[in-house]
file target_15.txt (compact mmCIF, N, CA and C atoms)
# COMPACT_ATOMS: atom_id res chain seq x y z
N MET A 24 136.83 76.03 91.37
CA MET A 24 137.42 75.55 92.60
C MET A 24 136.40 74.68 93.35
N LYS A 25 136.86 73.54 93.84
CA LYS A 25 136.02 72.66 94.63
C LYS A 25 136.41 72.78 96.09
N GLU A 26 135.44 73.01 96.92
CA GLU A 26 135.68 73.06 98.36
C GLU A 26 135.46 71.68 98.96
N VAL A 27 136.35 71.28 99.85
CA VAL A 27 136.22 70.03 100.59
C VAL A 27 136.17 70.40 102.06
N ARG A 28 135.02 70.14 102.68
CA ARG A 28 134.80 70.52 104.07
C ARG A 28 135.31 69.41 105.00
N ILE A 29 136.30 69.76 105.81
CA ILE A 29 137.00 68.80 106.65
C ILE A 29 136.40 68.77 108.05
N GLY A 30 136.22 67.54 108.56
CA GLY A 30 135.86 67.32 109.95
C GLY A 30 136.96 66.49 110.58
N LEU A 31 137.69 67.06 111.51
CA LEU A 31 138.83 66.39 112.14
C LEU A 31 138.43 65.83 113.50
N ILE A 32 138.74 64.56 113.72
CA ILE A 32 138.52 63.95 115.02
C ILE A 32 139.89 63.70 115.63
N GLY A 33 140.19 64.45 116.67
CA GLY A 33 141.48 64.33 117.34
C GLY A 33 142.29 65.60 117.20
N ALA A 34 142.42 66.36 118.27
CA ALA A 34 143.09 67.66 118.23
C ALA A 34 144.50 67.62 118.80
N GLY A 35 145.06 66.42 118.88
CA GLY A 35 146.41 66.29 119.40
C GLY A 35 147.47 66.52 118.33
N TRP A 36 148.65 65.97 118.56
CA TRP A 36 149.80 66.21 117.69
C TRP A 36 149.50 65.85 116.23
N MET A 37 148.93 64.66 116.00
CA MET A 37 148.67 64.24 114.63
C MET A 37 147.58 65.10 113.98
N GLY A 38 146.59 65.50 114.75
CA GLY A 38 145.58 66.42 114.22
C GLY A 38 146.19 67.73 113.77
N HIS A 39 147.16 68.21 114.54
CA HIS A 39 147.89 69.43 114.15
C HIS A 39 148.68 69.21 112.87
N ALA A 40 149.32 68.05 112.75
CA ALA A 40 150.11 67.74 111.55
C ALA A 40 149.21 67.70 110.31
N HIS A 41 148.06 67.05 110.42
CA HIS A 41 147.14 66.98 109.29
C HIS A 41 146.64 68.38 108.92
N THR A 42 146.36 69.19 109.93
CA THR A 42 145.85 70.53 109.66
C THR A 42 146.89 71.40 108.97
N ARG A 43 148.15 71.27 109.36
CA ARG A 43 149.21 72.01 108.66
C ARG A 43 149.22 71.63 107.19
N ALA A 44 149.02 70.36 106.90
CA ALA A 44 148.97 69.92 105.51
C ALA A 44 147.77 70.53 104.78
N TYR A 45 146.63 70.61 105.44
CA TYR A 45 145.47 71.24 104.81
C TYR A 45 145.74 72.71 104.49
N HIS A 46 146.43 73.39 105.39
CA HIS A 46 146.76 74.80 105.15
C HIS A 46 147.67 74.96 103.93
N ASN A 47 148.47 73.95 103.63
CA ASN A 47 149.38 74.01 102.48
C ASN A 47 148.81 73.40 101.21
N ALA A 48 147.62 72.84 101.27
CA ALA A 48 147.06 72.10 100.13
C ALA A 48 146.92 72.96 98.88
N LYS A 49 146.44 74.17 99.01
CA LYS A 49 146.24 75.01 97.83
C LYS A 49 147.57 75.28 97.12
N MET A 50 148.61 75.48 97.90
CA MET A 50 149.92 75.72 97.32
C MET A 50 150.39 74.50 96.51
N VAL A 51 150.07 73.32 97.00
CA VAL A 51 150.53 72.09 96.35
C VAL A 51 149.58 71.62 95.26
N PHE A 52 148.28 71.65 95.52
CA PHE A 52 147.32 71.03 94.62
C PHE A 52 146.50 72.00 93.78
N GLY A 53 146.57 73.28 94.06
CA GLY A 53 145.87 74.24 93.22
C GLY A 53 144.45 74.50 93.64
N ASP A 54 143.51 74.17 92.77
CA ASP A 54 142.14 74.66 92.91
C ASP A 54 141.32 74.09 94.07
N ASP A 55 141.52 72.83 94.42
CA ASP A 55 140.71 72.27 95.49
C ASP A 55 141.10 72.91 96.82
N LEU A 56 140.11 73.38 97.55
CA LEU A 56 140.37 74.15 98.75
C LEU A 56 139.74 73.48 99.97
N PRO A 57 140.56 73.03 100.92
CA PRO A 57 139.98 72.46 102.13
C PRO A 57 139.41 73.55 103.03
N ILE A 58 138.21 73.32 103.52
CA ILE A 58 137.55 74.20 104.48
C ILE A 58 137.61 73.49 105.82
N LEU A 59 138.22 74.09 106.80
CA LEU A 59 138.34 73.48 108.12
C LEU A 59 137.04 73.72 108.88
N ARG A 60 136.12 72.81 108.68
CA ARG A 60 134.74 72.98 109.14
C ARG A 60 134.55 72.68 110.62
N MET A 61 135.03 71.51 111.08
CA MET A 61 134.68 71.07 112.42
C MET A 61 135.82 70.24 113.01
N ILE A 62 136.03 70.38 114.31
CA ILE A 62 137.04 69.59 115.02
C ILE A 62 136.42 69.05 116.29
N SER A 63 136.85 67.83 116.65
CA SER A 63 136.34 67.19 117.86
C SER A 63 137.50 66.60 118.66
N ASP A 64 137.36 66.65 119.97
CA ASP A 64 138.34 66.02 120.85
C ASP A 64 137.68 65.77 122.19
N VAL A 65 138.08 64.71 122.88
CA VAL A 65 137.49 64.42 124.19
C VAL A 65 137.96 65.42 125.25
N ASN A 66 139.11 66.02 125.02
CA ASN A 66 139.62 67.05 125.91
C ASN A 66 139.08 68.39 125.41
N GLU A 67 138.04 68.87 126.07
CA GLU A 67 137.34 70.06 125.59
C GLU A 67 138.24 71.28 125.51
N ALA A 68 139.07 71.51 126.52
CA ALA A 68 139.96 72.68 126.51
C ALA A 68 140.95 72.60 125.34
N GLN A 69 141.54 71.42 125.15
CA GLN A 69 142.48 71.23 124.04
C GLN A 69 141.77 71.40 122.69
N GLY A 70 140.58 70.85 122.58
CA GLY A 70 139.83 70.94 121.34
C GLY A 70 139.42 72.35 120.98
N ARG A 71 138.95 73.09 121.96
CA ARG A 71 138.56 74.48 121.72
C ARG A 71 139.77 75.34 121.33
N LYS A 72 140.87 75.11 122.00
CA LYS A 72 142.10 75.86 121.68
C LYS A 72 142.58 75.50 120.27
N ALA A 73 142.55 74.23 119.94
CA ALA A 73 142.97 73.79 118.60
C ALA A 73 142.07 74.40 117.53
N ALA A 74 140.77 74.42 117.78
CA ALA A 74 139.84 75.01 116.81
C ALA A 74 140.20 76.47 116.55
N GLN A 75 140.47 77.19 117.61
CA GLN A 75 140.82 78.61 117.48
C GLN A 75 142.19 78.77 116.82
N ASP A 76 143.19 78.06 117.30
CA ASP A 76 144.55 78.21 116.80
C ASP A 76 144.72 77.75 115.36
N MET A 77 143.99 76.70 114.97
CA MET A 77 144.18 76.12 113.64
C MET A 77 143.16 76.58 112.61
N GLY A 78 142.15 77.31 113.06
CA GLY A 78 141.21 77.89 112.11
C GLY A 78 139.99 77.05 111.78
N TYR A 79 139.58 76.17 112.68
CA TYR A 79 138.35 75.40 112.44
C TYR A 79 137.15 76.26 112.81
N GLU A 80 136.08 76.11 112.06
CA GLU A 80 134.88 76.92 112.28
C GLU A 80 134.13 76.55 113.55
N GLU A 81 134.21 75.27 113.94
CA GLU A 81 133.39 74.81 115.06
C GLU A 81 134.10 73.70 115.82
N PHE A 82 133.93 73.69 117.13
CA PHE A 82 134.39 72.60 117.99
C PHE A 82 133.19 71.84 118.51
N VAL A 83 133.28 70.52 118.54
CA VAL A 83 132.27 69.68 119.19
C VAL A 83 133.00 68.63 120.03
N SER A 84 132.44 68.30 121.18
CA SER A 84 133.10 67.33 122.05
C SER A 84 132.74 65.89 121.68
N ASP A 85 131.67 65.69 120.94
CA ASP A 85 131.22 64.35 120.55
C ASP A 85 131.61 64.10 119.09
N TRP A 86 132.50 63.13 118.85
CA TRP A 86 132.98 62.86 117.49
C TRP A 86 131.87 62.40 116.55
N HIS A 87 130.81 61.85 117.07
CA HIS A 87 129.69 61.43 116.23
C HIS A 87 129.09 62.63 115.46
N LYS A 88 129.12 63.79 116.09
CA LYS A 88 128.56 64.99 115.45
C LYS A 88 129.36 65.38 114.20
N VAL A 89 130.65 65.13 114.21
CA VAL A 89 131.48 65.39 113.02
C VAL A 89 130.99 64.51 111.88
N ILE A 90 130.81 63.24 112.17
CA ILE A 90 130.41 62.26 111.15
C ILE A 90 129.00 62.52 110.66
N GLU A 91 128.10 62.90 111.54
CA GLU A 91 126.70 63.11 111.19
C GLU A 91 126.43 64.46 110.53
N SER A 92 127.39 65.37 110.58
CA SER A 92 127.16 66.71 110.05
C SER A 92 127.03 66.73 108.53
N PRO A 93 125.98 67.35 108.01
CA PRO A 93 125.85 67.50 106.56
C PRO A 93 126.85 68.51 106.00
N ASP A 94 127.54 69.24 106.89
CA ASP A 94 128.51 70.25 106.49
C ASP A 94 129.94 69.70 106.43
N VAL A 95 130.10 68.38 106.55
CA VAL A 95 131.42 67.75 106.49
C VAL A 95 131.42 66.76 105.32
N ASP A 96 132.42 66.91 104.44
CA ASP A 96 132.58 66.01 103.29
C ASP A 96 133.58 64.91 103.57
N LEU A 97 134.63 65.24 104.32
CA LEU A 97 135.71 64.31 104.60
C LEU A 97 135.97 64.27 106.10
N VAL A 98 135.99 63.07 106.66
CA VAL A 98 136.29 62.89 108.08
C VAL A 98 137.75 62.46 108.19
N ASP A 99 138.50 63.20 108.96
CA ASP A 99 139.92 62.93 109.21
C ASP A 99 140.03 62.35 110.61
N VAL A 100 140.50 61.11 110.71
CA VAL A 100 140.62 60.43 112.00
C VAL A 100 142.08 60.48 112.45
N ALA A 101 142.33 61.24 113.51
CA ALA A 101 143.69 61.41 114.04
C ALA A 101 143.66 61.16 115.55
N THR A 102 143.16 60.00 115.91
CA THR A 102 142.97 59.61 117.31
C THR A 102 143.90 58.44 117.64
N PRO A 103 143.89 57.96 118.88
CA PRO A 103 144.66 56.76 119.19
C PRO A 103 144.23 55.57 118.30
N ASN A 104 145.19 54.73 117.98
CA ASN A 104 144.99 53.62 117.04
C ASN A 104 143.77 52.75 117.35
N CYS A 105 143.53 52.48 118.62
CA CYS A 105 142.44 51.58 119.01
C CYS A 105 141.07 52.14 118.68
N MET A 106 140.98 53.41 118.32
CA MET A 106 139.70 54.04 118.02
C MET A 106 139.43 54.15 116.52
N HIS A 107 140.41 53.93 115.70
CA HIS A 107 140.28 54.16 114.26
C HIS A 107 139.15 53.35 113.63
N TYR A 108 139.12 52.06 113.88
CA TYR A 108 138.14 51.18 113.23
C TYR A 108 136.71 51.67 113.45
N GLU A 109 136.35 51.91 114.69
CA GLU A 109 134.98 52.32 115.01
C GLU A 109 134.62 53.65 114.33
N MET A 110 135.53 54.60 114.37
CA MET A 110 135.26 55.91 113.79
C MET A 110 135.20 55.87 112.27
N VAL A 111 136.13 55.15 111.66
CA VAL A 111 136.13 55.04 110.20
C VAL A 111 134.88 54.31 109.73
N LYS A 112 134.54 53.23 110.39
CA LYS A 112 133.34 52.47 110.00
C LYS A 112 132.09 53.35 110.06
N GLU A 113 131.96 54.11 111.13
CA GLU A 113 130.80 55.00 111.27
C GLU A 113 130.77 56.06 110.17
N ALA A 114 131.93 56.62 109.87
CA ALA A 114 132.00 57.64 108.81
C ALA A 114 131.63 57.04 107.46
N LEU A 115 132.13 55.86 107.16
CA LEU A 115 131.81 55.22 105.88
C LEU A 115 130.33 54.87 105.78
N LYS A 116 129.73 54.47 106.88
CA LYS A 116 128.28 54.19 106.90
C LYS A 116 127.49 55.45 106.56
N HIS A 117 128.02 56.62 106.94
CA HIS A 117 127.37 57.89 106.63
C HIS A 117 127.81 58.45 105.27
N LYS A 118 128.48 57.61 104.50
CA LYS A 118 128.92 57.96 103.14
C LYS A 118 129.83 59.19 103.12
N LYS A 119 130.73 59.24 104.11
CA LYS A 119 131.73 60.30 104.18
C LYS A 119 133.05 59.76 103.64
N HIS A 120 133.78 60.59 102.95
CA HIS A 120 135.15 60.24 102.58
C HIS A 120 135.96 60.24 103.86
N VAL A 121 137.00 59.40 103.91
CA VAL A 121 137.79 59.26 105.14
C VAL A 121 139.28 59.37 104.83
N PHE A 122 139.97 60.14 105.67
CA PHE A 122 141.43 60.11 105.73
C PHE A 122 141.76 59.70 107.15
N CYS A 123 142.39 58.55 107.29
CA CYS A 123 142.70 58.02 108.61
C CYS A 123 144.21 57.88 108.76
N GLU A 124 144.71 58.37 109.87
CA GLU A 124 146.12 58.15 110.18
C GLU A 124 146.31 56.65 110.40
N LYS A 125 147.50 56.17 110.13
CA LYS A 125 147.77 54.75 110.27
C LYS A 125 147.72 54.32 111.73
N PRO A 126 147.35 53.12 112.01
CA PRO A 126 146.81 52.11 111.10
C PRO A 126 145.30 52.32 110.90
N LEU A 127 144.80 51.81 109.81
CA LEU A 127 143.36 51.91 109.54
C LEU A 127 142.57 51.16 110.60
N SER A 128 143.05 50.00 110.97
CA SER A 128 142.42 49.20 112.02
C SER A 128 143.51 48.32 112.64
N LEU A 129 143.12 47.48 113.56
CA LEU A 129 144.11 46.64 114.24
C LEU A 129 144.18 45.22 113.68
N THR A 130 143.29 44.88 112.72
CA THR A 130 143.33 43.55 112.12
C THR A 130 143.10 43.65 110.61
N THR A 131 143.57 42.65 109.91
CA THR A 131 143.36 42.57 108.47
C THR A 131 141.87 42.45 108.15
N THR A 132 141.17 41.66 108.93
CA THR A 132 139.73 41.46 108.72
C THR A 132 138.97 42.78 108.81
N GLU A 133 139.29 43.59 109.83
CA GLU A 133 138.63 44.88 109.98
C GLU A 133 138.96 45.80 108.81
N SER A 134 140.21 45.82 108.39
CA SER A 134 140.60 46.68 107.26
C SER A 134 139.90 46.26 105.98
N GLU A 135 139.79 44.96 105.75
CA GLU A 135 139.07 44.47 104.57
C GLU A 135 137.60 44.88 104.62
N GLU A 136 137.01 44.81 105.80
CA GLU A 136 135.61 45.23 105.98
C GLU A 136 135.45 46.71 105.64
N LEU A 137 136.37 47.53 106.10
CA LEU A 137 136.30 48.97 105.82
C LEU A 137 136.49 49.26 104.34
N ALA A 138 137.39 48.56 103.70
CA ALA A 138 137.60 48.74 102.26
C ALA A 138 136.33 48.38 101.48
N LYS A 139 135.70 47.30 101.86
CA LYS A 139 134.46 46.88 101.21
C LYS A 139 133.33 47.89 101.44
N LEU A 140 133.23 48.39 102.66
CA LEU A 140 132.20 49.37 102.99
C LEU A 140 132.39 50.66 102.20
N ALA A 141 133.63 51.10 102.05
CA ALA A 141 133.91 52.30 101.25
C ALA A 141 133.51 52.07 99.80
N GLN A 142 133.86 50.93 99.26
CA GLN A 142 133.51 50.62 97.87
C GLN A 142 132.00 50.58 97.68
N GLU A 143 131.30 49.94 98.58
CA GLU A 143 129.84 49.85 98.50
C GLU A 143 129.17 51.23 98.54
N ASN A 144 129.76 52.16 99.29
CA ASN A 144 129.17 53.50 99.45
C ASN A 144 129.75 54.53 98.49
N GLY A 145 130.70 54.11 97.65
CA GLY A 145 131.26 55.01 96.64
C GLY A 145 132.05 56.18 97.22
N VAL A 146 132.76 55.92 98.32
CA VAL A 146 133.57 56.97 98.94
C VAL A 146 135.03 56.52 99.04
N VAL A 147 135.89 57.47 99.25
CA VAL A 147 137.32 57.19 99.39
C VAL A 147 137.62 56.89 100.86
N ASN A 148 138.39 55.85 101.09
CA ASN A 148 138.85 55.47 102.42
C ASN A 148 140.37 55.40 102.32
N TYR A 149 141.03 56.46 102.77
CA TYR A 149 142.47 56.59 102.59
C TYR A 149 143.17 56.52 103.94
N CYS A 150 144.26 55.78 103.97
CA CYS A 150 145.06 55.67 105.18
C CYS A 150 146.42 56.30 104.92
N GLY A 151 146.83 57.23 105.77
CA GLY A 151 148.08 57.94 105.59
C GLY A 151 149.28 57.15 106.08
N PHE A 152 150.24 56.97 105.19
CA PHE A 152 151.51 56.36 105.56
C PHE A 152 152.62 57.36 105.27
N SER A 153 152.47 58.54 105.84
CA SER A 153 153.36 59.64 105.53
C SER A 153 154.78 59.45 106.04
N ASN A 154 154.99 58.56 106.98
CA ASN A 154 156.33 58.38 107.54
C ASN A 154 157.11 57.25 106.90
N VAL A 155 156.55 56.56 105.93
CA VAL A 155 157.23 55.42 105.33
C VAL A 155 158.60 55.81 104.77
N MET A 156 158.67 56.96 104.11
CA MET A 156 159.92 57.39 103.49
C MET A 156 160.66 58.44 104.33
N ASN A 157 160.26 58.59 105.57
CA ASN A 157 160.93 59.52 106.46
C ASN A 157 162.39 59.10 106.61
N PRO A 158 163.34 60.00 106.41
CA PRO A 158 164.76 59.63 106.51
C PRO A 158 165.13 58.94 107.83
N ALA A 159 164.52 59.34 108.92
CA ALA A 159 164.82 58.70 110.21
C ALA A 159 164.40 57.23 110.20
N ASN A 160 163.24 56.95 109.62
CA ASN A 160 162.78 55.56 109.53
C ASN A 160 163.67 54.75 108.61
N GLN A 161 164.10 55.34 107.52
CA GLN A 161 164.99 54.65 106.60
C GLN A 161 166.32 54.34 107.28
N TYR A 162 166.83 55.28 108.07
CA TYR A 162 168.08 55.08 108.81
C TYR A 162 167.94 53.90 109.77
N LEU A 163 166.84 53.87 110.52
CA LEU A 163 166.63 52.78 111.48
C LEU A 163 166.50 51.44 110.76
N LYS A 164 165.84 51.43 109.63
CA LYS A 164 165.69 50.19 108.85
C LYS A 164 167.06 49.68 108.44
N LEU A 165 167.90 50.55 107.96
CA LEU A 165 169.24 50.15 107.53
C LEU A 165 170.08 49.67 108.72
N ARG A 166 169.92 50.32 109.86
CA ARG A 166 170.70 49.95 111.05
C ARG A 166 170.28 48.61 111.63
N SER A 167 169.03 48.21 111.37
CA SER A 167 168.53 46.96 111.96
C SER A 167 168.84 45.75 111.09
N CYS A 168 169.40 45.95 109.91
CA CYS A 168 169.70 44.81 109.01
C CYS A 168 170.93 44.07 109.44

call {"tool": "encode", "arguments": {"input": "target_15.txt", "output": "structure tokens"}}
result
Amino acid sequence: MKEVRIGLIGAGWMGHAHTRAYHNAKMVFGDDLPILRMISDVNEAQGRKAAQDMGYEEFVSDWHKVIESPDVDLVDVATPNCMHYEMVKEALKHKKHVFCEKPLSLTTTESEELAKLAQENGVVNYCGFSNVMNPANQYLKLRSC
């Protein structure tokens, strides 16, 4: 079994959604086991409560500590869109694997830069598009034609 130590930045709704998926990962993927190592949020009360409720080992108020921690293998960015680029770039510079909620960045140029940085550092830079096939989105797409 391989353990993957998760550092989540953002304890809001999307952070909760990602964490629910981590809790179900063993059921779906088998041997690889996510360890909910660290969570960060600017709202300290919300972050501490999320850490306790969702099973994270540690709360930190500064997201840089998640990225700099030697105890984190994968940084999960679940913050407002305007913050993704800076956080992902910093994580990739620290040679951390990244799972970022969409969008990866706000421009094509920034996204290309992040893809290149991940390749140079030999890490995975993944952007979640989990709602693409959501039935509600498909319904709206059909209605707008």

call {"tool": "residues_around", "arguments": {"input": "target_15.txt", "residues": "Thr102 (chain A)", "least_positions_apart": "3", "cutoff": "8 Å", "atoms": "only N, CA and C atoms", "output": "number ranges by chain"}}
result
A: 31-35, 37-38, 99, 105-107, 123-124

call {"tool": "write_last_selection", "arguments": {"input": "target_15.txt", "atoms": "N, CA and C atoms", "output": "mmCIF file, in the frame of the given file"}}
result
data_model
loop_
_atom_site.group_PDB
_atom_site.id
_atom_site.type_symbol
_atom_site.label_atom_id
_atom_site.label_comp_id
_atom_site.auth_asym_id
_atom_site.auth_seq_id
_atom_site.Cartn_x
_atom_site.Cartn_y
_atom_site.Cartn_z
ATOM 1 N N LEU A 31 137.690 67.060 111.510
ATOM 2 C CA LEU A 31 138.830 66.390 112.140
ATOM 3 C C LEU A 31 138.430 65.830 113.500
ATOM 4 N N ILE A 32 138.740 64.560 113.720
ATOM 5 C CA ILE A 32 138.520 63.950 115.020
ATOM 6 C C ILE A 32 139.890 63.700 115.630
ATOM 7 N N GLY A 33 140.190 64.450 116.670
ATOM 8 C CA GLY A 33 141.480 64.330 117.340
ATOM 9 C C GLY A 33 142.290 65.600 117.200
ATOM 10 N N ALA A 34 142.420 66.360 118.270
ATOM 11 C CA ALA A 34 143.090 67.660 118.230
ATOM 12 C C ALA A 34 144.500 67.620 118.800
ATOM 13 N N GLY A 35 145.060 66.420 118.880
ATOM 14 C CA GLY A 35 146.410 66.290 119.400
ATOM 15 C C GLY A 35 147.470 66.520 118.330
ATOM 16 N N MET A 37 148.930 64.660 116.000
ATOM 17 C CA MET A 37 148.670 64.240 114.630
ATOM 18 C C MET A 37 147.580 65.100 113.980
ATOM 19 N N GLY A 38 146.590 65.500 114.750
ATOM 20 C CA GLY A 38 145.580 66.420 114.220
ATOM 21 C C GLY A 38 146.190 67.730 113.770
ATOM 22 N N ASP A 99 138.500 63.200 108.960
ATOM 23 C CA ASP A 99 139.920 62.930 109.210
ATOM 24 C C ASP A 99 140.030 62.350 110.610
ATOM 25 N N CYS A 105 143.530 52.480 118.620
ATOM 26 C CA CYS A 105 142.440 51.580 119.010
ATOM 27 C C CYS A 105 141.070 52.140 118.680
ATOM 28 N N MET A 106 140.980 53.410 118.320
ATOM 29 C CA MET A 106 139.700 54.040 118.020
ATOM 30 C C MET A 106 139.430 54.150 116.520
ATOM 31 N N HIS A 107 140.410 53.930 115.700
ATOM 32 C CA HIS A 107 140.280 54.160 114.260
ATOM 33 C C HIS A 107 139.150 53.350 113.630
ATOM 34 N N CYS A 123 142.390 58.550 107.290
ATOM 35 C CA CYS A 123 142.700 58.020 108.610
ATOM 36 C C CYS A 123 144.210 57.880 108.760
ATOM 37 N N GLU A 124 144.710 58.370 109.870
ATOM 38 C CA GLU A 124 146.120 58.150 110.180
ATOM 39 C C GLU A 124 146.310 56.650 110.400
#

call {"tool": "atom_distance", "arguments": {"input": "target_15.txt", "atom1": "CA of Tyr108 (chain A)", "atom2": "CA of Ala44 (chain A)"}}
result
23.0 Å

call {"tool": "closest_residue", "arguments": {"input": "target_15.txt", "among": "A:Glu109, A:Tyr79, A:Cys150, A:Met61", "to": "Pro126 (chain A)", "atoms": "only N, CA and C atoms"}}
result
A:Cys150

call {"tool": "closest_residue", "arguments": {"input": "target_15.txt", "among": "A:Met50, A:Leu115, A:Ile90, A:Leu127", "to": "Asn144 (chain A)", "atoms": "only N, CA and C atoms"}}
result
A:Leu115

call {"tool": "closest_residue", "arguments": {"input": "target_15.txt", "among": "A:Arg71, A:Lys139, A:Arg60, A:Lys49", "to": "Asp94 (chain A)", "atoms": "all atoms listed in the file"}}
result
A:Arg60

call {"tool": "select_by_dssp", "arguments": {"input": "target_15.txt", "residues": "chain A", "states": "helix (DSSP H, G or I)", "output": "PyMOL selection string"}}
result
chain A and resi 36-52+67-77+86-91+104-116+131-144+158-166

call {"tool": "closest_residue", "arguments": {"input": "target_15.txt", "among": "A:Lys25, A:Glu113, A:Glu136, A:Gly30", "to": "Val95 (chain A)", "atoms": "all atoms listed in the file"}}
result
A:Gly30

call {"tool": "select_by_dssp", "arguments": {"input": "target_15.txt", "residues": "chain A", "states": "strand (DSSP E or B)", "output": "short mmCIF file (atom, residue, chain, number, x, y, z; two decimals) with N, CA and C atoms, in the frame of the given file"}}
result
data_model
loop_
_atom_site.label_atom_id
_atom_site.label_comp_id
_atom_site.auth_asym_id
_atom_site.auth_seq_id
_atom_site.Cartn_x
_atom_site.Cartn_y
_atom_site.Cartn_z
N GLU A 26 135.44 73.01 96.92
CA GLU A 26 135.68 73.06 98.36
C GLU A 26 135.46 71.68 98.96
N VAL A 27 136.35 71.28 99.85
CA VAL A 27 136.22 70.03 100.59
C VAL A 27 136.17 70.40 102.06
N ARG A 28 135.02 70.14 102.68
CA ARG A 28 134.80 70.52 104.07
C ARG A 28 135.31 69.41 105.00
N ILE A 29 136.30 69.76 105.81
CA ILE A 29 137.00 68.80 106.65
C ILE A 29 136.40 68.77 108.05
N GLY A 30 136.22 67.54 108.56
CA GLY A 30 135.86 67.32 109.95
C GLY A 30 136.96 66.49 110.58
N LEU A 31 137.69 67.06 111.51
CA LEU A 31 138.83 66.39 112.14
C LEU A 31 138.43 65.83 113.50
N ILE A 32 138.74 64.56 113.72
CA ILE A 32 138.52 63.95 115.02
C ILE A 32 139.89 63.70 115.63
N LEU A 56 140.11 73.38 97.55
CA LEU A 56 140.37 74.15 98.75
C LEU A 56 139.74 73.48 99.97
N PRO A 57 140.56 73.03 100.92
CA PRO A 57 139.98 72.46 102.13
C PRO A 57 139.41 73.55 103.03
N ILE A 58 138.21 73.32 103.52
CA ILE A 58 137.55 74.20 104.48
C ILE A 58 137.61 73.49 105.82
N LEU A 59 138.22 74.09 106.80
CA LEU A 59 138.34 73.48 108.12
C LEU A 59 137.04 73.72 108.88
N ARG A 60 136.12 72.81 108.68
CA ARG A 60 134.74 72.98 109.14
C ARG A 60 134.55 72.68 110.62
N MET A 61 135.03 71.51 111.08
CA MET A 61 134.68 71.07 112.42
C MET A 61 135.82 70.24 113.01
N ILE A 62 136.03 70.38 114.31
CA ILE A 62 137.04 69.59 115.02
C ILE A 62 136.42 69.05 116.29
N SER A 63 136.85 67.83 116.65
CA SER A 63 136.34 67.19 117.86
C SER A 63 137.50 66.60 118.66
N GLU A 81 134.21 75.27 113.94
CA GLU A 81 133.39 74.81 115.06
C GLU A 81 134.10 73.70 115.82
N PHE A 82 133.93 73.69 117.13
CA PHE A 82 134.39 72.60 117.99
C PHE A 82 133.19 71.84 118.51
N VAL A 83 133.28 70.52 118.54
CA VAL A 83 132.27 69.68 119.19
C VAL A 83 133.00 68.63 120.03
N LEU A 97 134.63 65.24 104.32
CA LEU A 97 135.71 64.31 104.60
C LEU A 97 135.97 64.27 106.10
N VAL A 98 135.99 63.07 106.66
CA VAL A 98 136.29 62.89 108.08
C VAL A 98 137.75 62.46 108.19
N ASP A 99 138.50 63.20 108.96
CA ASP A 99 139.92 62.93 109.21
C ASP A 99 140.03 62.35 110.61
N VAL A 100 140.50 61.11 110.71
CA VAL A 100 140.62 60.43 112.00
C VAL A 100 142.08 60.48 112.45
N HIS A 120 133.78 60.59 102.95
CA HIS A 120 135.15 60.24 102.58
C HIS A 120 135.96 60.24 103.86
N VAL A 121 137.00 59.40 103.91
CA VAL A 121 137.79 59.26 105.14
C VAL A 121 139.28 59.37 104.83
N PHE A 122 139.97 60.14 105.67
CA PHE A 122 141.43 60.11 105.73
C PHE A 122 141.76 59.70 107.15
N CYS A 123 142.39 58.55 107.29
CA CYS A 123 142.70 58.02 108.61
C CYS A 123 144.21 57.88 108.76
N GLU A 124 144.71 58.37 109.87
CA GLU A 124 146.12 58.15 110.18
C GLU A 124 146.31 56.65 110.40
N ASN A 148 138.39 55.85 101.09
CA ASN A 148 138.85 55.47 102.42
C ASN A 148 140.37 55.40 102.32
N TYR A 149 141.03 56.46 102.77
CA TYR A 149 142.47 56.59 102.59
C TYR A 149 143.17 56.52 103.94
N CYS A 150 144.26 55.78 103.97
CA CYS A 150 145.06 55.67 105.18
C CYS A 150 146.42 56.30 104.92
N GLY A 151 146.83 57.23 105.77
CA GLY A 151 148.08 57.94 105.59
C GLY A 151 149.28 57.15 106.08
#

call {"tool": "atom_distance", "arguments": {"input": "target_15.txt", "atom1": "CA of Ala68 (chain A)", "atom2": "CA of Lys88 (chain A)"}}
result
17.6 Å

call {"tool": "atom_distance", "arguments": {"input": "target_15.txt", "atom1": "CA of Ser128 (chain A)", "atom2": "CA of Asp55 (chain A)"}}
result
28.4 Å

call {"tool": "residues_around", "arguments": {"input": "target_15.txt", "residues": "Val98 (chain A)", "least_positions_apart": "4", "cutoff": "5 Å", "atoms": "only N, CA and C atoms", "output": "list in words"}}
result
Gly30, His120, Val121 and Phe122 of chain A

call {"tool": "closest_residue", "arguments": {"input": "target_15.txt", "among": "A:Pro103, A:Gly70, A:Gly53, A:Gly151", "to": "Phe82 (chain A)", "atoms": "all atoms listed in the file"}}
result
A:Gly70

call {"tool": "closest_residue", "arguments": {"input": "target_15.txt", "among": "A:Thr131, A:Thr42, A:Asn104, A:Asn47", "to": "Met77 (chain A)", "atoms": "all atoms listed in the file"}}
result
A:Thr42
